[in-house]
Amino acid sequence: MKALPVEPSNTPLAIGSKIRAARHAQRMTIEQVAESTGLTKGFLSRVERDLTSPSVASLVTLCQVLSVSIGDLFAQPETHVVRLQSAPRISLGGHGIVERLMTSRSEKRLQMIRAVIEPRGEGESELYSVDCEVEVLHVVSGTFIIVFANERFELEAGDSLTFPGREPHSWINPTDAEAVVLWTLVPAASR
C-alpha cells in the first residue's frame with residue numbers, strides 16, 4: 001500500500017490563547033506559572049502571544065501545571081451554524097407567533113429561540129413555565145409585555161429581562177406592530 005504524500009502546513013498553530021485561558025482558569029499569574037515550571041516570564045509571555053513555540057518538554061510541563069491536556073490545546077472547538085432561514089420551527093404555544101430554534105438541536109447547555117410575534121399576538125391564557133433554570137428574554141424590535149402571576153413588565157427594543165425558568169408566565173404584543181424577541185433558556189429545556 002502506498003502512502004499518500006501530504007505536504008506539511010505552514011500555518012502556525014495558535015495555542016497561546018488557550019494556554020492563557022488555562023492559566024486564568026487556574027487563577028495563576030504568569031509569575032506563578034514561571035516559578036512552577038522553571039520557565040521564564042518572558043518566554044511564557046511570548047508563548048501566550050504565539051510569538052514562539054515551546055518545546056515538547058516545556059509544553060508537557062506547562063500543561064501539567066495548568067491542569068490541561070496537550071490534546072485540548074490542539075483540538076478544534078465544536079461549532080454549529082444555524083441559519084435563520086433553515087432554523088427549525090418550534091411551538092411553545094400562543095397565537096400569532098413564529099418561533100425558531102437558533103441553537104443546534106444537540107446543544108444541552110442552553111437554547112436560544114427567536115420569536116416573531118404578530119401585532120396583538122398573545123401567549124396562552126393560563127400562565128405556563130418552561131423546564132429550565134433561567135430564562136432571559138431580549139426584545140430585538142417592537143414592544144413586548146411579559147405577564148407573571150403578580151406583576152407584568154412592558155419591554156421595548158433593546159430591553160432584557162432575566163427570571164427563573166420555572167416561573168409561570170405568559171406574554172402579549174400589545175401594539176399594531178410586529179415584535180421580535182430572543183428567548184435564552186439555561187440549560188436547554190428538556191424535551
# chains A, B, ... in the order shown; residues from 1 in each chain; ligands from 1
$ select_by_dssp --residues "chain A" --states "alpha helix (DSSP H)" --output "PyMOL selection string"
chain A and resi 16-25+30-37+41-48+56-66+70-74
$ select_by_dssp --residues "chain A" --states "strand (DSSP E or B)" --output "PyMOL selection string"
chain A and resi 89-90+95-101+111-122+128+134-141+143-148+152-156+160-164+169-172+179-186
$ closest_residue --among "A:Met112, A:Val60, A:Ile70, A:Leu13" --to "Leu84 (chain A)" --atoms "only C-alpha atoms"
A:Met112
$ residues_around --residues "Val65 (chain A)" --least-positions-apart "5" --cutoff "9 Å" --atoms "only C-alpha atoms" --output "list of chain:residue names"
A:Arg23, A:Val33, A:Ser36, A:Thr37, A:Val60
$ atom_distance --atom1 "CA of Phe163 (chain A)" --atom2 "CA of Val98 (chain A)"
22.3 Å
$ residues_around --residues "Ser17 (chain A)" --least-positions-apart "5" --cutoff "9 Å" --atoms "only C-alpha atoms" --output "compact mmCIF listing (two decimals) with N, CA and C atoms, in the first residue's frame"
# COMPACT_ATOMS: atom_id res chain seq x y z
N ALA A 22 -6.19 28.77 30.08
CA ALA A 22 -5.98 27.75 31.11
C ALA A 22 -5.33 28.36 32.35
N VAL A 47 4.97 32.79 24.49
CA VAL A 47 4.16 31.60 24.15
C VAL A 47 2.69 31.97 24.13
N GLU A 48 2.23 32.70 25.13
CA GLU A 48 0.82 33.09 25.20
C GLU A 48 0.42 34.02 24.06
N ARG A 49 1.37 34.74 23.49
CA ARG A 49 1.08 35.63 22.37
C ARG A 49 1.42 34.98 21.02
N ASP A 50 1.72 33.68 21.04
CA ASP A 50 2.07 32.92 19.84
C ASP A 50 3.25 33.52 19.09
$ atom_distance --atom1 "CA of Phe153 (chain A)" --atom2 "CA of Ala87 (chain A)"
28.6 Å
